[in-house]
Amino acid sequence: MARTVPTGTKLGWTIAAWVVALLIFFPILYTIVTSFKSETEAIAGFNLVPSGTLESYREVQSQYNYFKPFMNSVIIAVGSTILALLVAIPAAWSMAFSPTKRTKDILMWMLSTKMMPAVAVLVPMYLIFRDWGLLDSRIGLTVMLMLINLPIVVWMLYTYFREIPGEILEAARMDGATLWGEIVYVLTPMAVPGIASTLLLNIILAWNEAFWTIRLTTTNAAPLTAFIVSFSSPQGLFWAKLSAASTLAIAPILVLGWFSQKQLVRGLTFGAVK
Amino acid sequence: MGNITLRQVSKSFGAATIIPNIDLNIEDGEFVVFVGPSGCGKSTLLRLIAGLEDVSGGTIGIDGRDVTNEAPARRKLAMVFQSYALYPHMTVAKNIAFPLKMAGENRETIDRKVREAARVLNLTDYLDRRPGQLSGGQRQRVAIGRAIVRQPTAFLFDEPLSNLDAALRGTMRLEISELHHQLKTTMIYVTHDQIEAMTMADKIVVLNAGRVEQVGSPMELYRSPQNLFVAGFIGSPRMNLIDGETAGKHGAHTIGIRPEHLTISTSEGAWKASVGVAEHLGSDTFLHVQAEGVGPLTVRADGEFAVRHGDTIYLSPISSKVHRFDQNGKAI
């Protein structure tokens, strides 16, 4: 029998959920609101109703061409995601379908690299980038972001592949499929939802990555994260301009996240409920 | 042709030996059933023949050709899995066509063969559906369809009916037997259900802990089990096994008598027994009785046999049907 929940309790939980959701969303909302204020309004204190001026956006665009960092972000986020998938699909495949005694250890070791604070390897990474001429280059940053997101990509794909029954792949083998046929006709079509949500999540992570993108770039390869930072220091703090820059930086990924939320939620909760 | 030969085949996973050493001949066109309790190695043996597992020792031959180190597809065998293992993203037609597509057949041939298989298996109306939209029995038919279009040397079935309900299992059992009569191709069928084994097989291979206990036709195994394991495993309800003094009188360590080989009388007989539970199946009644000086026994009586809990009856074994076993469990 289904459990009945009293209407009052349901209402209470609904309100609580909305409050938590608004609290999480509030910084983003306030950034967007502030971007439509003048600098005077922005420092005047808490106010949720902006005057609606586009002055900050005009200034941001006149000081700094938005298009260049935007394209850098797209190239770095998409590029690092494709590279990560190319490495992770075969890795996850072999760990899911031909596991050895060490598979769990390898997975744990990969995840453990995410447990270290990035700043711990800042100096060696910076020196390597300098010596190899990768500082302020899109290639260097793409490879860097691919490496730091790889553990999560491998883990997600591994979880997905594990859900595909091995018997189906064996059936394909019995039916005469080569390894290539097995991957193209059976595994990939069955794993498309998983690969898609991994791709989306990785693009978001790479897009928002701020530690390495700010420290390893100056102008040429600077993505939108560096674009935001450029409005925070040189001439003092200008809240409205900074907010306008931030809004411009997060808008594309917000739109992408909004349209793909169903896919993302399915991907992130996959395997949790059978 | 579909002649399969196993010579000294063994399989170990690490230190655990699943199959010690097996020699087996499967003749062309035979319906062979591997039967045994869970974990006896019957599915492993089938997977070794299929090529989905590598042997640890010995050789496997198909039609005189050594295929021990060949990939599954090159052995020209088709397999039907317990979970059906259909491709969920493909329609029924595409599922059945998959092996033909992998073999590089042209479109007309594929279409013709798929339609023919669908007709034989009553799937014509479902060709555009996906596996998720089919019932268990229909899915099983698709799996069989995918196997028959390739015209394989032999079919391998790995407990194909265990996910179906009892009524459907009976129907599918008949359908598979009928298919065997039509195609006359070698079939190897793995099951733990001895009724499936008895009703479908030309030849039964009884396995226990990776060893072949006995090979023979269903009636051979029923009439002359070579050891206690086969005696207890084949037949439903199972054979009554009696030790001690009663067995000694027959010059054996253990005697076995099937429930249908005990005569019942209300006045006299060799063993006096008190009736416990009576299971009325309509055609038969199975009595679970406690016989004095013998122990618990199962007896088959007529369907109309009137008896109540606690009644006293007398039982006599038909002496020509008593199976005798020595202390090692071997038939005497």
# chains A, B, ... in the order shown; residues from 1 in each chain; ligands from 1
call {"tool": "interface_residues", "arguments": {"of": "chain A", "to": "chain B", "cutoff": "9 Å", "atoms": "only C-alpha atoms", "output": "PyMOL selection string"}}
result
chain A and resi 165-178+181+186+189-190
call {"tool": "residues_around", "arguments": {"residues": "range 246-253 of chain A", "least_positions_apart": "5", "cutoff": "8 Å", "atoms": "only C-alpha atoms", "output": "PyMOL selection string"}}
result
chain A and resi 31-32+35+70+204+207+224-225+227-228
call {"tool": "residues_around", "arguments": {"residues": "Val153 in chain A", "least_positions_apart": "4", "cutoff": "12 Å", "atoms": "only C-alpha atoms", "output": "PyMOL selection string"}}
result
chain A and resi 80-92+107+110-111+145-149+157-160+194-203+205-206+267-268
call {"tool": "write_last_selection", "arguments": {"atoms": "N, CA and C atoms", "output": "JSON list (two decimals), in the first residue's frame"}}
result
[["chain", "number", "residue", "atom", "x", "y", "z"],
["A", 80, "SER", "N", 38.40, 19.77, -24.23],
["A", 80, "SER", "CA", 38.86, 18.90, -23.13],
["A", 80, "SER", "C", 37.85, 17.77, -22.91],
["A", 81, "THR", "N", 36.56, 18.04, -23.15],
["A", 81, "THR", "CA", 35.55, 17.01, -22.96],
["A", 81, "THR", "C", 35.69, 15.90, -24.00],
["A", 82, "ILE", "N", 35.90, 16.29, -25.25],
["A", 82, "ILE", "CA", 36.05, 15.27, -26.31],
["A", 82, "ILE", "C", 37.30, 14.43, -26.05],
["A", 83, "LEU", "N", 38.39, 15.12, -25.69],
["A", 83, "LEU", "CA", 39.64, 14.39, -25.39],
["A", 83, "LEU", "C", 39.41, 13.41, -24.23],
["A", 84, "ALA", "N", 38.72, 13.90, -23.18],
["A", 84, "ALA", "CA", 38.49, 13.06, -22.01],
["A", 84, "ALA", "C", 37.66, 11.84, -22.38],
["A", 85, "LEU", "N", 36.64, 12.02, -23.23],
["A", 85, "LEU", "CA", 35.81, 10.89, -23.64],
["A", 85, "LEU", "C", 36.61, 9.88, -24.45],
["A", 86, "LEU", "N", 37.48, 10.41, -25.33],
["A", 86, "LEU", "CA", 38.29, 9.50, -26.16],
["A", 86, "LEU", "C", 39.19, 8.61, -25.29],
["A", 87, "VAL", "N", 39.68, 9.18, -24.20],
["A", 87, "VAL", "CA", 40.54, 8.38, -23.30],
["A", 87, "VAL", "C", 39.68, 7.51, -22.39],
["A", 88, "ALA", "N", 38.56, 8.08, -21.91],
["A", 88, "ALA", "CA", 37.78, 7.41, -20.87],
["A", 88, "ALA", "C", 36.93, 6.26, -21.39],
["A", 89, "ILE", "N", 36.41, 6.35, -22.62],
["A", 89, "ILE", "CA", 35.53, 5.27, -23.11],
["A", 89, "ILE", "C", 36.27, 3.93, -23.15],
["A", 90, "PRO", "N", 37.45, 3.85, -23.79],
["A", 90, "PRO", "CA", 38.16, 2.56, -23.75],
["A", 90, "PRO", "C", 38.55, 2.14, -22.33],
["A", 91, "ALA", "N", 38.93, 3.14, -21.49],
["A", 91, "ALA", "CA", 39.34, 2.81, -20.12],
["A", 91, "ALA", "C", 38.17, 2.22, -19.34],
["A", 92, "ALA", "N", 37.02, 2.89, -19.41],
["A", 92, "ALA", "CA", 35.85, 2.43, -18.67],
["A", 92, "ALA", "C", 35.35, 1.10, -19.22],
["A", 107, "LEU", "N", 40.51, 2.51, -9.91],
["A", 107, "LEU", "CA", 39.42, 3.50, -9.85],
["A", 107, "LEU", "C", 39.60, 4.42, -8.63],
["A", 110, "MET", "N", 42.48, 6.80, -9.12],
["A", 110, "MET", "CA", 42.13, 7.92, -10.00],
["A", 110, "MET", "C", 41.33, 8.98, -9.25],
["A", 111, "LEU", "N", 40.39, 8.49, -8.43],
["A", 111, "LEU", "CA", 39.56, 9.43, -7.69],
["A", 111, "LEU", "C", 40.38, 10.17, -6.63],
["A", 145, "LEU", "N", 42.64, 20.62, -18.47],
["A", 145, "LEU", "CA", 41.27, 20.39, -18.01],
["A", 145, "LEU", "C", 40.83, 18.96, -18.29],
["A", 146, "MET", "N", 41.32, 18.40, -19.40],
["A", 146, "MET", "CA", 41.02, 17.00, -19.69],
["A", 146, "MET", "C", 41.55, 16.13, -18.54],
["A", 147, "LEU", "N", 42.80, 16.42, -18.13],
["A", 147, "LEU", "CA", 43.41, 15.60, -17.08],
["A", 147, "LEU", "C", 42.69, 15.74, -15.75],
["A", 148, "ILE", "N", 42.31, 16.96, -15.38],
["A", 148, "ILE", "CA", 41.70, 17.10, -14.05],
["A", 148, "ILE", "C", 40.28, 16.54, -14.01],
["A", 149, "ASN", "N", 39.58, 16.50, -15.15],
["A", 149, "ASN", "CA", 38.22, 15.95, -15.14],
["A", 149, "ASN", "C", 38.16, 14.47, -15.49],
["A", 157, "LEU", "N", 31.36, 6.92, -16.71],
["A", 157, "LEU", "CA", 31.18, 5.96, -17.81],
["A", 157, "LEU", "C", 31.25, 4.53, -17.30],
["A", 158, "TYR", "N", 32.17, 4.31, -16.36],
["A", 158, "TYR", "CA", 32.31, 2.96, -15.76],
["A", 158, "TYR", "C", 30.98, 2.53, -15.14],
["A", 159, "THR", "N", 30.36, 3.45, -14.39],
["A", 159, "THR", "CA", 29.06, 3.15, -13.75],
["A", 159, "THR", "C", 28.01, 2.82, -14.81],
["A", 160, "TYR", "N", 28.02, 3.60, -15.89],
["A", 160, "TYR", "CA", 27.06, 3.36, -16.97],
["A", 160, "TYR", "C", 27.28, 2.00, -17.63],
["A", 194, "GLY", "N", 24.18, 7.72, -21.24],
["A", 194, "GLY", "CA", 25.26, 7.87, -20.27],
["A", 194, "GLY", "C", 26.38, 8.74, -20.82],
["A", 195, "ILE", "N", 26.75, 8.49, -22.07],
["A", 195, "ILE", "CA", 27.83, 9.26, -22.68],
["A", 195, "ILE", "C", 27.39, 10.72, -22.79],
["A", 196, "ALA", "N", 26.12, 10.95, -23.16],
["A", 196, "ALA", "CA", 25.63, 12.31, -23.32],
["A", 196, "ALA", "C", 25.64, 13.08, -22.01],
["A", 197, "SER", "N", 25.19, 12.44, -20.91],
["A", 197, "SER", "CA", 25.16, 13.19, -19.66],
["A", 197, "SER", "C", 26.57, 13.41, -19.12],
["A", 198, "THR", "N", 27.47, 12.46, -19.38],
["A", 198, "THR", "CA", 28.87, 12.65, -18.98],
["A", 198, "THR", "C", 29.46, 13.84, -19.73],
["A", 199, "LEU", "N", 29.15, 13.91, -21.03],
["A", 199, "LEU", "CA", 29.64, 15.00, -21.87],
["A", 199, "LEU", "C", 29.14, 16.35, -21.35],
["A", 200, "LEU", "N", 27.84, 16.41, -21.04],
["A", 200, "LEU", "CA", 27.26, 17.67, -20.56],
["A", 200, "LEU", "C", 27.89, 18.10, -19.24],
["A", 201, "LEU", "N", 28.00, 17.16, -18.31],
["A", 201, "LEU", "CA", 28.54, 17.51, -17.00],
["A", 201, "LEU", "C", 29.98, 17.98, -17.13],
["A", 202, "ASN", "N", 30.74, 17.30, -18.00],
["A", 202, "ASN", "CA", 32.15, 17.65, -18.15],
["A", 202, "ASN", "C", 32.30, 19.04, -18.79],
["A", 203, "ILE", "N", 31.42, 19.36, -19.74],
["A", 203, "ILE", "CA", 31.48, 20.69, -20.34],
["A", 203, "ILE", "C", 31.23, 21.75, -19.26],
["A", 205, "LEU", "N", 31.69, 21.46, -15.98],
["A", 205, "LEU", "CA", 32.84, 21.52, -15.06],
["A", 205, "LEU", "C", 34.01, 22.27, -15.69],
["A", 206, "ALA", "N", 34.27, 21.98, -16.96],
["A", 206, "ALA", "CA", 35.40, 22.62, -17.64],
["A", 206, "ALA", "C", 35.11, 24.12, -17.84],
["A", 267, "GLY", "N", 21.45, 11.26, -15.78],
["A", 267, "GLY", "CA", 22.84, 10.80, -15.77],
["A", 267, "GLY", "C", 23.41, 10.72, -14.37],
["A", 268, "LEU", "N", 23.11, 11.74, -13.57],
["A", 268, "LEU", "CA", 23.72, 11.81, -12.25],
["A", 268, "LEU", "C", 23.08, 10.86, -11.26]]
call {"tool": "atom_distance", "arguments": {"atom1": "CA of Thr100 in chain A", "atom2": "CA of Gly41 in chain B"}}
result
22.2 Å
call {"tool": "residues_around", "arguments": {"residues": "Thr171 in chain B", "least_positions_apart": "6", "cutoff": "12 Å", "atoms": "only C-alpha atoms", "output": "ChimeraX atom specification"}}
result
/B:137-138,140-141,161,164-165,177-178,196
call {"tool": "write_last_selection", "arguments": {"atoms": "C-alpha atoms", "output": "PDB file, in the first residue's frame"}}
result
ATOM      1  CA  GLY B 137       7.473 -15.666 -24.226  1.00  0.00           C
ATOM      2  CA  GLN B 138       7.702 -13.371 -27.243  1.00  0.00           C
ATOM      3  CA  GLN B 140      12.240 -15.801 -25.930  1.00  0.00           C
ATOM      4  CA  ARG B 141      10.954 -16.419 -29.457  1.00  0.00           C
ATOM      5  CA  LEU B 161      12.815 -21.056 -19.845  1.00  0.00           C
ATOM      6  CA  LEU B 164       8.948 -17.746 -17.685  1.00  0.00           C
ATOM      7  CA  ASP B 165       5.889 -18.697 -15.674  1.00  0.00           C
ATOM      8  CA  SER B 177      11.036 -29.702 -29.159  1.00  0.00           C
ATOM      9  CA  GLU B 178       8.935 -29.081 -32.279  1.00  0.00           C
ATOM     10  CA  GLU B 196      12.615 -30.301 -18.961  1.00  0.00           C
TER      11      GLU B 196
END
call {"tool": "residues_around", "arguments": {"residues": "Phe31 in chain B", "least_positions_apart": "2", "cutoff": "6 Å", "atoms": "only C-alpha atoms", "output": "list of chain:residue names"}}
result
B:Thr186, B:Met187, B:Ala201, B:Asp202
call {"tool": "residues_around", "arguments": {"residues": "Val32 in chain B", "least_positions_apart": "2", "cutoff": "12 Å", "atoms": "only C-alpha atoms", "output": "number ranges by chain"}}
result
B: 2-4, 24-30, 34-35, 46, 154-157, 177, 180, 185-191, 196-206, 215-218
call {"tool": "select_by_dssp", "arguments": {"residues": "range 10-115 of chain B", "states": "strand (DSSP E or B)", "output": "MDAnalysis selection string"}}
result
chainID B and resid 10:13 16:26 31:35 57:62 65:66 77:80
call {"tool": "residues_around", "arguments": {"residues": "range 260-266 of chain B", "least_positions_apart": "2", "cutoff": "7 Å", "atoms": "only C-alpha atoms", "output": "JSON, numbers by chain"}}
result
{"B": [257, 258, 268, 269, 299, 300, 313, 314, 315, 316, 317, 318, 321]}
call {"tool": "write_last_selection", "arguments": {"atoms": "N, CA and C atoms", "output": "compact mmCIF listing (two decimals), in the first residue's frame"}}
result
# COMPACT_ATOMS: atom_id res chain seq x y z
N ILE B 257 13.71 -46.97 -4.23
CA ILE B 257 12.45 -47.41 -4.84
C ILE B 257 11.63 -46.16 -5.19
N ARG B 258 11.21 -46.09 -6.45
CA ARG B 258 10.46 -44.90 -6.89
C ARG B 258 9.05 -44.92 -6.31
N GLU B 268 -2.64 -55.54 4.07
CA GLU B 268 -1.37 -56.25 4.30
C GLU B 268 -0.29 -55.75 3.35
N GLY B 269 0.99 -55.98 3.75
CA GLY B 269 2.10 -55.55 2.90
C GLY B 269 3.39 -55.66 3.67
N VAL B 299 4.84 -41.99 -1.85
CA VAL B 299 4.18 -43.05 -2.60
C VAL B 299 3.23 -42.43 -3.61
N ARG B 300 3.22 -42.99 -4.82
CA ARG B 300 2.24 -42.50 -5.79
C ARG B 300 1.02 -43.41 -5.75
N ILE B 313 -1.64 -47.57 6.26
CA ILE B 313 -1.66 -48.32 5.00
C ILE B 313 -0.47 -49.27 5.00
N TYR B 314 -0.48 -50.22 4.07
CA TYR B 314 0.63 -51.17 3.95
C TYR B 314 1.24 -51.04 2.56
N LEU B 315 2.57 -51.02 2.55
CA LEU B 315 3.28 -50.81 1.27
C LEU B 315 4.17 -52.02 0.97
N SER B 316 4.26 -52.36 -0.34
CA SER B 316 5.20 -53.40 -0.76
C SER B 316 5.94 -52.94 -2.00
N PRO B 317 7.28 -52.96 -1.95
CA PRO B 317 8.03 -52.58 -3.15
C PRO B 317 7.93 -53.67 -4.22
N ILE B 318 7.83 -53.24 -5.48
CA ILE B 318 7.87 -54.21 -6.58
C ILE B 318 9.33 -54.64 -6.70
N LYS B 321 11.80 -53.69 -9.34
CA LYS B 321 12.06 -52.25 -9.54
C LYS B 321 12.92 -51.67 -8.41
